[in-house]
Structure formats: structure tokens, C-alpha cells
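Just my_file.csv here, CSV, C-alpha atoms and all ligand atoms:
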chain,number,residue,atom,x,y,z
V,725,MET,CA,104.1,125.4,42.2
V,726,THR,CA,106.7,123.2,40.5
V,727,SER,CA,108.0,120.2,42.3
V,728,PRO,CA,111.5,120.5,43.8
V,729,SER,CA,112.8,117.7,41.6
V,730,ASP,CA,112.2,120.0,38.5
V,731,GLN,CA,114.9,122.3,39.8
V,732,ASN,CA,117.9,120.0,39.4
V,733,LEU,CA,119.5,121.0,42.6
V,734,GLU,CA,120.6,118.2,44.9
V,735,PRO,CA,119.1,118.6,48.4
V,736,GLN,CA,121.2,117.6,51.4
V,737,SER,CA,120.2,114.2,52.9
V,738,VAL,CA,116.9,115.6,54.3
V,739,CYS,CA,114.8,112.6,53.2
V,740,SER,CA,117.5,109.9,54.0
V,741,PRO,CA,116.2,106.7,55.5
V,742,ILE,CA,115.6,106.4,59.2
V,743,THR,CA,118.8,105.1,61.0
V,744,SER,CA,119.6,103.5,64.3
V,745,SER,CA,121.9,106.3,65.6
V,746,ALA,CA,122.1,110.1,65.4
V,747,ILE,CA,124.1,113.0,66.8
V,748,PHE,CA,122.4,116.4,67.0
V,749,MET,CA,124.7,119.4,67.4
V,750,VAL,CA,123.8,123.0,67.8
V,751,ALA,CA,126.7,125.5,67.8
V,752,THR,CA,127.1,129.3,67.9
V,753,LEU,CA,129.4,131.2,65.7
V,754,ALA,CA,132.4,132.8,67.5
V,755,PRO,CA,132.7,136.6,66.9
V,756,GLY,CA,135.0,137.9,64.3
V,757,ARG,CA,135.7,137.8,60.6
V,758,ASP,CA,138.1,134.8,60.9
V,759,SER,CA,135.4,132.6,62.4
V,760,ALA,CA,132.9,133.5,59.7
V,761,GLU,CA,135.6,132.8,57.0
V,762,ALA,CA,136.4,129.4,58.7
V,763,VAL,CA,132.8,128.4,58.7
V,764,ARG,CA,132.3,129.4,55.1
V,765,SER,CA,135.2,127.4,53.9
V,766,TRP,CA,134.0,124.4,56.1
V,767,CYS,CA,130.8,124.4,54.0
V,768,ALA,CA,132.7,123.1,51.1
V,769,ASP,CA,134.5,120.4,53.2
V,770,ILE,CA,131.4,118.8,54.7
V,771,ALA,CA,130.5,116.5,51.7
V,772,GLY,CA,134.1,115.3,51.4
V,773,LEU,CA,134.3,114.4,55.1
V,774,VAL,CA,131.0,112.5,54.9
V,775,ARG,CA,132.4,110.5,52.0
V,776,SER,CA,135.7,109.8,53.8
V,777,VAL,CA,134.1,108.6,57.0
V,778,GLY,CA,131.1,106.9,55.3
V,779,LYS,CA,133.3,104.9,52.8
V,780,ARG,CA,134.8,102.9,55.7
V,781,VAL,CA,131.4,101.3,56.4
V,782,PRO,CA,129.3,101.5,53.3
V,783,ALA,CA,126.3,99.7,54.8
V,784,GLY,CA,126.3,102.3,57.6
V,785,ASN,CA,124.3,104.9,55.7
V,786,LEU,CA,126.2,107.8,57.1
V,787,THR,CA,124.6,111.2,56.3
V,788,CYS,CA,124.9,114.7,57.5
V,789,VAL,CA,122.6,117.7,57.2
V,790,ALA,CA,123.9,121.2,58.0
V,791,GLY,CA,121.7,124.1,58.6
V,792,PHE,CA,122.0,127.8,59.5
V,793,GLY,CA,120.0,130.0,61.8
V,794,SER,CA,118.6,133.4,60.8
V,795,LYS,CA,121.2,135.6,62.5
V,796,ALA,CA,124.0,133.4,61.4
V,797,TRP,CA,122.9,133.5,57.8
V,798,ASP,CA,123.4,137.3,57.6
V,799,ALA,CA,126.7,137.2,59.4
V,800,LEU,CA,128.1,134.3,57.3
V,801,PHE,CA,126.6,134.9,53.9
V,802,GLY,CA,124.8,138.2,53.7
V,803,GLY,CA,122.1,138.5,51.1
V,804,PRO,CA,120.1,137.1,49.4
V,805,ARG,CA,118.6,135.1,52.2
V,806,PRO,CA,116.0,132.3,52.3
V,807,ALA,CA,112.6,133.9,52.1
V,808,ALA,CA,111.0,132.3,55.2
V,809,LEU,CA,114.1,132.1,57.5
V,810,HIS,CA,113.6,133.9,60.8
V,811,PRO,CA,114.6,133.2,64.5
V,812,PHE,CA,112.8,130.5,66.4
V,813,LYS,CA,109.5,131.9,67.7
V,814,GLU,CA,108.8,131.1,71.3
V,815,VAL,CA,105.3,129.6,71.8
V,816,GLY,CA,103.4,128.8,74.9
V,817,VAL,CA,101.7,130.1,77.9
V,818,ALA,CA,103.2,130.6,81.3
V,819,GLY,CA,102.7,127.5,83.4
V,820,ARG,CA,102.0,125.4,80.4
V,821,LEU,CA,105.4,123.8,80.5
V,822,ALA,CA,104.3,121.6,83.3
V,823,PRO,CA,105.2,119.6,85.2
V,824,PRO,CA,107.2,121.6,87.8
V,825,PRO,CA,109.9,122.3,88.6
V,826,PRO,CA,110.3,125.0,85.9
V,827,PRO,CA,112.7,124.2,83.1
V,828,PRO,CA,116.2,125.7,83.2
V,829,PRO,CA,116.6,128.7,80.8
V,830,PRO,CA,117.0,127.5,77.3
V,831,PRO,CA,120.5,127.7,75.8
V,832,PRO,CA,120.9,130.2,72.9
V,833,PRO,CA,119.0,128.9,69.9
V,834,GLY,CA,122.2,128.5,68.0
V,835,ASP,CA,123.6,129.4,64.6
V,836,ILE,CA,124.5,126.1,63.1
V,837,LEU,CA,122.7,122.7,63.3
V,838,LEU,CA,124.3,119.4,62.4
V,839,HIS,CA,122.1,116.3,62.0
V,840,ILE,CA,124.3,113.3,61.6
V,841,ARG,CA,122.7,110.0,61.0
V,842,ALA,CA,124.0,106.4,60.6
V,843,GLU,CA,123.3,102.8,61.4
V,844,GLN,CA,126.2,102.9,63.9
V,845,MET,CA,127.1,105.4,66.5
V,846,ASP,CA,130.8,105.1,65.8
V,847,LEU,CA,130.2,106.5,62.3
V,848,CYS,CA,128.2,109.5,63.7
V,849,PHE,CA,130.9,110.0,66.3
V,850,GLU,CA,133.8,109.9,63.9
V,851,LEU,CA,132.1,112.3,61.5
V,852,ALA,CA,131.2,114.7,64.3
V,853,THR,CA,134.8,114.6,65.5
V,854,GLN,CA,136.1,115.4,62.0
V,855,LEU,CA,133.6,118.2,61.4
V,856,MET,CA,134.4,119.8,64.7
V,857,ALA,CA,138.2,119.5,64.1
V,858,ALA,CA,137.7,121.3,60.8
V,859,LEU,CA,135.8,124.1,62.5
V,860,GLY,CA,138.3,124.6,65.3
V,861,ASP,CA,137.4,127.5,67.6
V,862,ALA,CA,135.2,129.2,65.0
V,863,VAL,CA,132.1,127.8,66.8
V,864,THR,CA,131.1,126.9,70.3
V,865,VAL,CA,128.8,123.8,70.7
V,866,VAL,CA,125.9,124.8,72.9
V,867,ASP,CA,124.0,121.5,72.7
V,868,GLU,CA,125.1,118.0,71.7
V,869,VAL,CA,122.8,114.9,71.9
V,870,GLN,CA,123.5,111.3,71.0
V,871,GLY,CA,120.2,109.7,70.0
V,872,PHE,CA,119.5,106.0,69.7
V,873,ARG,CA,116.9,103.9,68.1
V,874,TYR,CA,114.7,102.3,70.9
V,875,PHE,CA,113.4,98.9,70.0
V,876,ASP,CA,110.8,98.9,67.2
V,877,MET,CA,111.0,102.7,66.5
V,878,ARG,CA,109.6,103.5,69.9
V,879,SER,CA,110.0,106.9,71.5
V,880,ILE,CA,111.3,106.8,75.1
V,881,ILE,CA,107.6,107.1,76.2
V,882,GLY,CA,107.0,103.7,74.7
V,883,PHE,CA,104.9,104.6,71.6
V,884,VAL,CA,106.1,104.0,68.0
V,885,ASP,CA,107.3,107.4,66.6
V,886,GLY,CA,107.3,108.4,62.9
V,887,THR,CA,104.5,106.3,61.6
V,888,GLU,CA,102.6,109.1,59.8
V,889,ASN,CA,105.8,110.4,58.1
V,890,PRO,CA,105.4,111.0,54.4
V,891,VAL,CA,107.5,108.8,52.2
V,892,GLY,CA,109.0,108.9,48.7
V,893,ARG,CA,107.9,111.7,46.4
V,894,LYS,CA,105.5,113.0,49.1
V,895,ALA,CA,108.3,113.4,51.5
V,896,VAL,CA,110.3,115.4,49.0
V,897,GLY,CA,107.2,117.5,48.1
V,898,PHE,CA,106.5,118.3,51.8
V,899,THR,CA,110.2,119.1,52.7
V,900,ILE,CA,112.1,120.5,49.7
V,901,VAL,CA,111.7,124.2,48.6
V,902,GLY,CA,110.6,124.6,45.0
V,903,ASP,CA,109.9,127.6,42.8
V,904,GLU,CA,108.3,129.6,45.7
V,905,ASP,CA,111.8,130.7,46.5
V,906,PRO,CA,113.9,130.0,43.3
V,907,ALA,CA,117.2,131.2,44.6
V,908,PHE,CA,116.9,128.6,47.5
V,909,SER,CA,115.2,125.7,45.7
V,910,GLY,CA,116.4,122.3,46.8
V,911,GLY,CA,116.7,123.7,50.4
V,912,SER,CA,114.6,122.9,53.4
V,913,TYR,CA,113.6,124.3,56.8
V,914,VAL,CA,114.2,122.3,60.0
V,915,MET,CA,113.0,122.8,63.6
V,916,VAL,CA,114.6,121.1,66.6
V,917,GLN,CA,113.4,120.9,70.2
V,918,LYS,CA,114.9,118.9,73.0
V,919,TYR,CA,112.2,117.5,75.3
V,920,LEU,CA,112.6,116.0,78.8
V,921,HIS,CA,109.9,113.6,80.1
V,922,ASN,CA,108.5,113.1,83.6
V,923,MET,CA,108.6,109.3,83.3
V,924,GLN,CA,107.2,108.7,86.7
V,925,ALA,CA,104.0,110.7,86.0
V,926,TRP,CA,103.8,109.1,82.6
V,927,ASN,CA,104.2,105.6,83.9
V,928,GLU,CA,101.5,106.2,86.5
V,929,LEU,CA,98.9,106.5,83.7
V,930,SER,CA,97.2,103.4,82.5
V,931,VAL,CA,98.0,102.2,79.0
V,932,GLU,CA,94.5,103.3,77.9
V,933,ALA,CA,95.1,106.8,79.3
V,934,GLN,CA,98.5,107.0,77.6
V,935,GLU,CA,96.8,106.0,74.3
V,936,ARG,CA,94.4,108.9,74.7
V,937,VAL,CA,97.3,111.3,75.1
V,938,ILE,CA,99.0,110.1,71.9
V,939,GLY,CA,95.9,109.2,69.9
V,940,ARG,CA,97.2,105.8,68.9
V,941,THR,CA,97.3,102.3,70.5
V,942,LYS,CA,100.5,101.6,72.3
V,943,LEU,CA,101.4,98.0,71.3
V,944,SER,CA,100.0,97.9,67.8
V,945,ASP,CA,100.4,101.6,66.9
V,946,ILE,CA,96.9,101.9,65.3
V,947,GLU,CA,95.3,105.4,65.2
V,948,LEU,CA,92.3,105.7,67.5
V,949,ASP,CA,89.1,106.3,65.6
V,950,ASP,CA,87.7,109.8,65.5
V,951,ALA,CA,85.0,108.9,68.1
V,952,THR,CA,87.6,107.8,70.7
V,953,LYS,CA,90.6,110.1,69.9
V,954,PRO,CA,90.5,113.2,72.2
V,955,SER,CA,90.9,116.6,70.5
V,956,ASN,CA,93.8,117.3,72.9
V,957,SER,CA,95.7,114.2,71.8
V,958,HIS,CA,99.1,114.7,70.3
V,959,SER,CA,98.1,113.2,67.0
V,960,ALA,CA,94.9,115.3,66.7
V,961,LEU,CA,96.7,118.6,67.4
V,962,THR,CA,99.6,117.9,65.0
V,963,THR,CA,97.3,117.1,62.1
V,964,ILE,CA,96.9,120.2,60.1
V,965,THR,CA,95.4,121.2,56.8
V,966,LYS,CA,95.8,124.0,54.3
V,967,ASP,CA,93.2,124.7,51.6
V,968,GLY,CA,91.5,121.4,52.5
V,969,GLU,CA,94.7,119.3,52.1
V,970,GLU,CA,96.7,117.8,54.9
V,971,VAL,CA,100.1,119.3,55.3
V,972,LYS,CA,102.8,117.0,56.7
V,973,ILE,CA,106.3,117.4,58.0
V,974,LEU,CA,109.1,114.8,58.1
V,975,ARG,CA,110.3,113.8,61.6
V,976,ASP,CA,113.2,111.8,62.7
V,977,ASN,CA,112.9,112.1,66.5
V,978,MET,CA,115.4,110.2,68.6
V,979,PRO,CA,115.3,109.1,72.2
V,980,PHE,CA,118.2,110.1,74.4
V,981,GLY,CA,118.9,110.0,78.1
V,982,ARG,CA,120.9,109.1,81.2
V,983,PRO,CA,119.0,106.7,83.3
V,984,GLY,CA,121.4,107.2,86.2
V,985,ALA,CA,120.7,110.9,86.2
V,986,GLY,CA,116.9,110.4,85.8
V,987,GLU,CA,117.1,112.0,82.3
V,988,PHE,CA,114.7,110.6,79.7
V,989,GLY,CA,114.3,112.7,76.5
V,990,THR,CA,113.0,113.0,73.0
V,991,TYR,CA,115.1,115.1,70.5
V,992,PHE,CA,112.4,116.4,68.2
V,993,ILE,CA,113.5,117.2,64.6
V,994,GLY,CA,111.0,118.1,61.9
V,995,TYR,CA,111.8,119.1,58.3
V,996,ALA,CA,109.4,121.1,56.1
V,997,ARG,CA,109.2,123.2,53.0
V,998,SER,CA,108.5,126.3,55.1
V,999,PRO,CA,108.5,127.1,58.8
V,1000,GLU,CA,104.7,127.6,58.6
V,1001,PRO,CA,103.5,124.0,59.3
V,1002,LEU,CA,106.1,123.5,62.0
V,1003,GLU,CA,105.0,126.6,63.8
V,1004,LEU,CA,101.3,125.9,63.4
V,1005,MET,CA,101.8,122.5,65.0
V,1006,LEU,CA,103.7,124.0,67.9
V,1007,GLU,CA,101.0,126.6,68.4
V,1008,ASN,CA,98.3,123.9,68.4
V,1009,MET,CA,100.4,121.9,70.9
V,1010,PHE,CA,101.3,124.7,73.3
V,1011,VAL,CA,98.5,127.3,73.0
V,1012,GLY,CA,95.8,124.8,72.0
V,1013,ARG,CA,93.2,124.3,69.2
V,1014,PRO,CA,91.0,126.0,70.2
V,1015,VAL,CA,93.0,128.1,72.7
V,1016,GLY,CA,93.3,126.2,76.0
V,1017,ASN,CA,92.8,122.8,74.4
V,1018,TYR,CA,96.6,122.1,74.5
V,1019,ASP,CA,98.5,118.9,73.9
V,1020,ARG,CA,98.2,116.5,76.9
V,1021,LEU,CA,101.7,115.2,76.0
V,1022,LEU,CA,103.0,118.5,77.4
V,1023,ASP,CA,101.7,117.6,80.9
V,1024,PHE,CA,104.5,115.0,80.8
V,1025,SER,CA,107.1,116.6,78.5
V,1026,THR,CA,109.1,119.9,78.9
V,1027,ALA,CA,110.7,121.6,75.9
V,1028,VAL,CA,114.2,122.9,77.0
V,1029,THR,CA,115.5,124.2,73.7
V,1030,GLY,CA,114.2,125.4,70.3
V,1031,GLY,CA,115.8,126.3,67.0
V,1032,LEU,CA,114.8,127.0,63.4
V,1033,PHE,CA,117.4,126.6,60.7
V,1034,PHE,CA,117.6,126.7,56.9
V,1035,ILE,CA,119.2,123.7,55.1
V,1036,PRO,CA,120.7,124.9,51.8
V,1037,SER,CA,120.7,122.5,48.9
V,1038,ALA,CA,123.9,120.5,48.6
V,1039,ASP,CA,124.9,122.6,45.6
V,1040,LEU,CA,124.3,125.8,47.4
V,1041,LEU,CA,126.2,124.6,50.5
V,1042,GLU,CA,129.3,124.2,48.4
V,1043,GLU,CA,128.9,127.6,46.7
V,1044,LEU,CA,128.4,129.4,50.0
V,1045,ALA,CA,132.1,128.8,50.7
V,1046,ASP,CA,132.8,131.5,48.2
V,1047,ARG,CA,130.2,134.0,49.3
V,1048,VAL,CA,131.4,137.4,50.3
V,1049,PRO,CA,128.8,138.8,52.8
F,1,LIG,C1,107.6,115.4,73.4
F,1,LIG,C2,108.1,115.3,72.2
F,1,LIG,C3,107.4,114.4,71.2
F,1,LIG,C4,107.1,113.1,71.2
F,1,LIG,C5,107.5,112.1,72.3
F,1,LIG,C6,106.3,112.8,70.0
F,1,LIG,C7,105.9,111.5,69.7
F,1,LIG,C8,105.0,111.2,68.7
F,1,LIG,C9,104.3,110.0,68.5
F,1,LIG,C10,104.5,108.7,69.4
F,1,LIG,C11,103.5,110.1,67.4
F,1,LIG,C12,102.6,109.0,66.8
F,1,LIG,C13,103.2,108.2,65.7
F,1,LIG,C14,103.6,109.0,64.5
F,1,LIG,O1,102.9,109.2,63.6
F,1,LIG,O2,104.8,109.4,64.5
F,1,LIG,C15,103.7,111.5,66.9
F,1,LIG,C16,103.0,112.0,65.8
F,1,LIG,C17,103.3,113.2,65.3
F,1,LIG,N1,104.0,114.2,65.9
F,1,LIG,FE1,105.0,114.1,67.6
F,1,LIG,N2,106.2,113.9,69.3
F,1,LIG,C18,106.8,115.0,70.0
F,1,LIG,C19,106.8,116.3,69.6
F,1,LIG,C20,106.3,116.8,68.4
F,1,LIG,C21,106.4,118.1,67.9
F,1,LIG,C22,107.2,119.3,68.7
F,1,LIG,C23,105.8,118.2,66.7
F,1,LIG,C24,105.6,119.3,65.8
F,1,LIG,C25,106.0,120.6,65.9
F,1,LIG,C26,105.3,116.9,66.4
F,1,LIG,C27,104.6,116.5,65.3
F,1,LIG,C28,104.0,115.3,65.1
F,1,LIG,C29,103.2,115.0,63.9
F,1,LIG,C30,103.0,115.9,62.7
F,1,LIG,C31,102.7,113.7,64.1
F,1,LIG,C32,101.9,112.9,63.1
F,1,LIG,C33,100.4,113.2,63.4
F,1,LIG,C34,99.5,112.4,62.5
F,1,LIG,O3,99.5,112.6,61.2
F,1,LIG,O4,98.7,111.6,63.0
F,1,LIG,N3,105.6,116.0,67.5
F,1,LIG,N4,104.6,112.1,67.7

Output the file's structure as C-alpha cells, nothing else.
Ligand code: HEM
Amino acid sequence: MTSPSDQNLEPQSVCSPITSSAIFMVATLAPGRDSAEAVRSWCADIAGLVRSVGKRVPAGNLTCVAGFGSKAWDALFGGPRPAALHPFKEVGVAGRLAPPPPPPPPPPPGDILLHIRAEQMDLCFELATQLMAALGDAVTVVDEVQGFRYFDMRSIIGFVDGTENPVGRKAVGFTIVGDEDPAFSGGSYVMVQKYLHNMQAWNELSVEAQERVIGRTKLSDIELDDATKPSNSHSALTTITKDGEEVKILRDNMPFGRPGAGEFGTYFIGYARSPEPLELMLENMFVGRPVGNYDRLLDFSTAVTGGLFFIPSADLLEELADRVP
């Protein structure tokens, strides 16, 4: 398998550095040919809008990643389509999504994902405003979350998040499609899930018990040794291998919430070269490895959305504007 960098196609900003702010937007495509046409021509405008807004604060590291869901791909661009793109697969077992009360029905998975990142929320906000203005009523936003960096890269549950992310060439190798799907090389797959936490139940656990849930120490963020780390810890169940090699994904989760409303959340976002590792991790978390040995973190966290999207390379994104489906 050649490395994605051999393909000379510029990926979108999938492997861009972790920032302090982010906006996650999931939108559905409005019916009709005009909407599809408007979204297609918008594809060619995204890079210019990022340049225009980002130029005003060069140190702000403004980036935007745009992705498309399976159904939307066909409606917008027709064939050929990314080999591994399919709708988000629900995983889990009835009653596993504890604690009660049961979560509200998830919103539709969505057709278009925007992952906007910058060091300052004003940059994210301005770019989101411009991108939405350019889309007009061609889409309806079904979920919009403003995420913030929480102290020293902590998730809202107090543990450092993102430590085991691959970096540099490894990050590219794990996230960017290569010659396994030549027409879509330079692309990437991304899964998003919005989680709400039961902070009262979580905070009632001792720090040691929380550490056994995550599989790492809380203050110093050191991995528990194999003798101490439970097999149902989050880090144990999200560590996967293929042909004897560990397979990683690239995460840039962000805390979000409204303390006054009692909402404390994690917006999970994971990039990978195919949906397979993302789906296996979810299966391990929700169904368990072995079955029944599910992720203890889910006793305190409820997934309320889920979506899988393909991120075309930056070059393909521009070309898609001229596609006739
Ligand atoms: C409730 C939402 C979630 C929270 C609060 C959360 C938090 C964390 C934390 C604190 C760590 C340990 C530090 C690190 O390496 O980043 C971690 C690791 C990890 N998480 Fe999550 N996570 C969540 C959901 C997910 C989901 C849905 C997936 C995959 C589908 C996932 C995949 C991973 C992976 C691959 C690791 C690294 C494991 C390792 O190599 O040790 N996480 N997560």
C-alpha cells in the first residue's frame, strides 16, 4: 500500500494542530436540484472563505474540514463514490445507554459535516457565519456545537484527552486514503458523536475508580499498567490491532456544555483512513470485548448523535463543484 503522500493530492486540514476552539456543524441537504447545485458550487468557495477569514488573524490557525454523508454523496455528486462510505451504523444493546432517563431520539445523521478549528472562537464563528451565508437555504443545520479547550487538554470529565493520538507521518498514514481507493486518495473518513455525561454520578466515583474507567491516571495522565488496567476500561477497549499491528485513529474531541442547564458534553470526532477502525472501537465500547464486557465510560456517558462522513481531498473538493450527478 503506497503512502498517501505519494499521491500528490492535498488533503483537507485533517491533521491540523489541536486548537483551543472548534465549531462542529451537521446539516441536511434541502430537497431539490437548486439546493444540490448550490452546495456543489459552495464546495469551490470553502478554501477562499477560510483564506479570507483566516488572513485577519494569521496566528489563529483557522482551518475547516468539510465532509459528506453517504446519501448526500449520491444526491450531490453521483458516481464514482468513496469505496468505504456508508451510513452511520447504530451499535449497542438496549439498556446499554445508561444512565436513565433514556436519551432523546437522535437527530438525523446529517448530510454535511463542518469541523472548523482555530485558536480563537471568533475566527470559528466568523467562518461558520460566512459558510452558512454562502449556503443559504440549501441546507438545514441539525446540530451545532461550540467546543472549547478545557485547561491542559482535559475532557469535561477531568482526564487529559488526545494523548495517544498519532503524530506526524503516522497521523497521515492512519488517516489519509492512499492507493486502496485511487480515485479518492488524499481523502479521509470521519465519525462524530455527541456525548452527554452524568457528572453527578461521575463525580461520586473516587479518583482511583475514575482512573480504572479511563485506564490512565487522572492528574499525571500516565497509562495504568496491564496488571492494573481493567479490560473494560475506555483505553483498553479502544486499543485495536490488525495483523498484529496497532491501528490508531486521530481524535480532536472537544468539551461543550451549558452549566446552567446541567449539560456537560464531549463532542467526539475521530478521523481514519477507513470506517473500519472507528466502527470496531465503537463495537468494543458498546457491545463489549468479549460481548458484555462493555466500556465503563458508557455508564456515565450517553451518545445522542452519530454520523459518518467522507472528507474529499482539497483538490477533489474543488473539482466536485463541477460534477454533474
Ligand atoms: C464519551 C466520550 C469520550 C470521552 C470523554 C473520551 C475520552 C478519552 C480519554 C480521556 C482518553 C485517554 C487519553 C487519550 O489517549 O486520549 C481516550 C482515549 C481514547 N479514546 Fe476516547 N473518549 C470518548 C469517546 C471515544 C470514542 C467514541 C472512541 C472511538 C470510536 C474513542 C477512542 C479513543 C481511543 C482510540 C483512545 C486511545 C486509546 C489508547 O491508545 O490508549 N473515544 N478517550

Could you please extract the residues within 7 Å of ligand LIG 1 (chain F), counting only C-alpha atoms and all ligand atoms, and hand them back as a PDB file with C-alpha atoms, keeping the file's coordinate frame?
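As a result, result_29.pdb now contains:
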ATOM      1  CA  SER V 879     110.000 106.900  71.500  1.00  0.00           C
ATOM      2  CA  ILE V 881     107.600 107.100  76.200  1.00  0.00           C
ATOM      3  CA  PHE V 883     104.900 104.600  71.600  1.00  0.00           C
ATOM      4  CA  VAL V 884     106.100 104.000  68.000  1.00  0.00           C
ATOM      5  CA  ASP V 885     107.300 107.400  66.600  1.00  0.00           C
ATOM      6  CA  GLY V 886     107.300 108.400  62.900  1.00  0.00           C
ATOM      7  CA  THR V 887     104.500 106.300  61.600  1.00  0.00           C
ATOM      8  CA  GLU V 888     102.600 109.100  59.800  1.00  0.00           C
ATOM      9  CA  ASN V 889     105.800 110.400  58.100  1.00  0.00           C
ATOM     10  CA  GLN V 917     113.400 120.900  70.200  1.00  0.00           C
ATOM     11  CA  TYR V 919     112.200 117.500  75.300  1.00  0.00           C
ATOM     12  CA  ILE V 938      99.000 110.100  71.900  1.00  0.00           C
ATOM     13  CA  ARG V 940      97.200 105.800  68.900  1.00  0.00           C
ATOM     14  CA  HIS V 958      99.100 114.700  70.300  1.00  0.00           C
ATOM     15  CA  SER V 959      98.100 113.200  67.000  1.00  0.00           C
ATOM     16  CA  ALA V 960      94.900 115.300  66.700  1.00  0.00           C
ATOM     17  CA  THR V 962      99.600 117.900  65.000  1.00  0.00           C
ATOM     18  CA  THR V 963      97.300 117.100  62.100  1.00  0.00           C
ATOM     19  CA  LYS V 972     102.800 117.000  56.700  1.00  0.00           C
ATOM     20  CA  ILE V 973     106.300 117.400  58.000  1.00  0.00           C
ATOM     21  CA  THR V 990     113.000 113.000  73.000  1.00  0.00           C
ATOM     22  CA  PHE V 992     112.400 116.400  68.200  1.00  0.00           C
ATOM     23  CA  GLY V 994     111.000 118.100  61.900  1.00  0.00           C
ATOM     24  CA  LEU V1002     106.100 123.500  62.000  1.00  0.00           C
ATOM     25  CA  GLU V1003     105.000 126.600  63.800  1.00  0.00           C
ATOM     26  CA  MET V1005     101.800 122.500  65.000  1.00  0.00           C
ATOM     27  CA  LEU V1006     103.700 124.000  67.900  1.00  0.00           C
ATOM     28  CA  LEU V1021     101.700 115.200  76.000  1.00  0.00           C
ATOM     29  CA  LEU V1022     103.000 118.500  77.400  1.00  0.00           C
ATOM     30  CA  SER V1025     107.100 116.600  78.500  1.00  0.00           C
TER      31      SER V1025
END

- Selection: 8 Å around V:Cys848, all atoms listed in the file, excl. self and same-chain fewer than 5 positions, as a ChimeraX atom specification: /V:745-747,786,840-842

- Could you give me, as a VMD selection string, the residues within 12 Å of V:Ala862, counting all atoms listed in the file and dropping anything in the same chain fewer than 6 positions from it? chain V and resid 751 to 766 800 835 to 836 855 to 856

- Gap from atom CA of V:Gly834 to atom CA of V:Val1048 - Å, one decimal: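 The value is 21.8 Å.
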
- Note on the structure: What separates atom CA of V:Leu948 and atom CA of V:Thr965 is a distance of 19.1 Å

- Select, from V:Phe849, V:Gly791, V:His810, V:Arg975, the residue with the minimum atom-to-atom distance to V:Glu868, counting all atoms listed in the file.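 Looking at the shortest contact to V:Glu868, the residue is V:Phe849.
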
- Message: Just to confirm, what's the straight-line distance from atom CA of V:Arg982 to atom CA of V:Met923 in Å (one decimal)?
- Response: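 Calculated distance between atom CA of V:Arg982 and atom CA of V:Met923 is 12.5 Å.
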
- Query: Using all atoms listed in the file, which of V:Phe980, V:Phe898, V:Phe1024, V:Tyr995 sits nearest V:His921?
  - Reply: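 Nearest to V:His921: V:Phe1024.
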
- Do you know which residues lie at most 12 Å from (124.8, 112.0, 57.1), with coordinates as in the file and all atoms listed in the file counted, and could you write them as a ChimeraX atom specification? /V:736-743,745-748,770-779,784-790,838-845,847-852,855

- Task: Write out as JSON, numbers by chain the residues lying within 8 Å of V:Ser1037, counting only C-alpha atoms and excluding same-chain residues fewer than 6 positions away.
- Result: {"V": [733, 734, 735, 736, 908, 909, 910, 911, 912]}

- Message: I want to know what sits within 8 Å of V:Cys767, based on only C-alpha atoms, with residues of the same chain fewer than 5 positions away left out; could you give that as a ChimeraX atom specification?
- Response: /V:1041-1042,1044-1045

- Task: Could you check which of V:Ile964, V:Val891, V:Met978, V:Ala933 is closest to V:Leu1004, using all atoms listed in the file?
- Result: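 When distances to V:Leu1004 are compared using all atoms listed in the file, the smallest one comes from V:Ile964.
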
Since fewer atoms than expected are present, regenerate N, CA, C and O atoms for stretch 751-763 of chain V and write them as a PDB file, in the frame of the given file.
ATOM      1  N   ALA V 751     125.474 124.742  67.426  1.00  0.00           N
ATOM      2  CA  ALA V 751     126.700 125.500  67.800  1.00  0.00           C
ATOM      3  C   ALA V 751     126.414 126.999  67.489  1.00  0.00           C
ATOM      4  O   ALA V 751     125.581 127.351  66.642  1.00  0.00           O
ATOM      5  N   THR V 752     127.118 127.848  68.222  1.00  0.00           N
ATOM      6  CA  THR V 752     127.100 129.300  67.900  1.00  0.00           C
ATOM      7  C   THR V 752     128.384 129.710  67.301  1.00  0.00           C
ATOM      8  O   THR V 752     129.440 129.145  67.578  1.00  0.00           O
ATOM      9  N   LEU V 753     128.255 130.715  66.461  1.00  0.00           N
ATOM     10  CA  LEU V 753     129.400 131.200  65.700  1.00  0.00           C
ATOM     11  C   LEU V 753     130.230 132.139  66.646  1.00  0.00           C
ATOM     12  O   LEU V 753     129.671 133.014  67.302  1.00  0.00           O
ATOM     13  N   ALA V 754     131.535 131.925  66.679  1.00  0.00           N
ATOM     14  CA  ALA V 754     132.400 132.800  67.500  1.00  0.00           C
ATOM     15  C   ALA V 754     132.478 134.170  66.780  1.00  0.00           C
ATOM     16  O   ALA V 754     132.389 134.248  65.556  1.00  0.00           O
ATOM     17  N   PRO V 755     132.644 135.259  67.572  1.00  0.00           N
ATOM     18  CA  PRO V 755     132.700 136.600  66.900  1.00  0.00           C
ATOM     19  C   PRO V 755     133.951 136.716  66.050  1.00  0.00           C
ATOM     20  O   PRO V 755     134.935 136.013  66.260  1.00  0.00           O
ATOM     21  N   GLY V 756     133.853 137.618  65.097  1.00  0.00           N
ATOM     22  CA  GLY V 756     135.000 137.900  64.300  1.00  0.00           C
ATOM     23  C   GLY V 756     134.980 137.410  62.874  1.00  0.00           C
ATOM     24  O   GLY V 756     134.329 136.407  62.595  1.00  0.00           O
ATOM     25  N   ARG V 757     135.711 138.117  61.995  1.00  0.00           N
ATOM     26  CA  ARG V 757     135.700 137.800  60.600  1.00  0.00           C
ATOM     27  C   ARG V 757     136.363 136.417  60.305  1.00  0.00           C
ATOM     28  O   ARG V 757     135.968 135.677  59.402  1.00  0.00           O
ATOM     29  N   ASP V 758     137.394 136.086  61.114  1.00  0.00           N
ATOM     30  CA  ASP V 758     138.100 134.800  60.900  1.00  0.00           C
ATOM     31  C   ASP V 758     137.180 133.628  61.089  1.00  0.00           C
ATOM     32  O   ASP V 758     137.238 132.643  60.351  1.00  0.00           O
ATOM     33  N   SER V 759     136.330 133.734  62.135  1.00  0.00           N
ATOM     34  CA  SER V 759     135.400 132.600  62.400  1.00  0.00           C
ATOM     35  C   SER V 759     134.448 132.454  61.249  1.00  0.00           C
ATOM     36  O   SER V 759     134.189 131.333  60.795  1.00  0.00           O
ATOM     37  N   ALA V 760     133.897 133.577  60.774  1.00  0.00           N
ATOM     38  CA  ALA V 760     132.900 133.500  59.700  1.00  0.00           C
ATOM     39  C   ALA V 760     133.632 132.896  58.432  1.00  0.00           C
ATOM     40  O   ALA V 760     133.067 132.040  57.747  1.00  0.00           O
ATOM     41  N   GLU V 761     134.847 133.306  58.191  1.00  0.00           N
ATOM     42  CA  GLU V 761     135.600 132.800  57.000  1.00  0.00           C
ATOM     43  C   GLU V 761     135.830 131.280  57.179  1.00  0.00           C
ATOM     44  O   GLU V 761     135.681 130.508  56.226  1.00  0.00           O
ATOM     45  N   ALA V 762     136.176 130.871  58.420  1.00  0.00           N
ATOM     46  CA  ALA V 762     136.400 129.400  58.700  1.00  0.00           C
ATOM     47  C   ALA V 762     135.157 128.620  58.433  1.00  0.00           C
ATOM     48  O   ALA V 762     135.202 127.537  57.831  1.00  0.00           O
ATOM     49  N   VAL V 763     134.012 129.130  58.889  1.00  0.00           N
ATOM     50  CA  VAL V 763     132.800 128.400  58.700  1.00  0.00           C
ATOM     51  C   VAL V 763     132.405 128.313  57.225  1.00  0.00           C
ATOM     52  O   VAL V 763     131.978 127.272  56.721  1.00  0.00           O
TER      53      VAL V 763
END
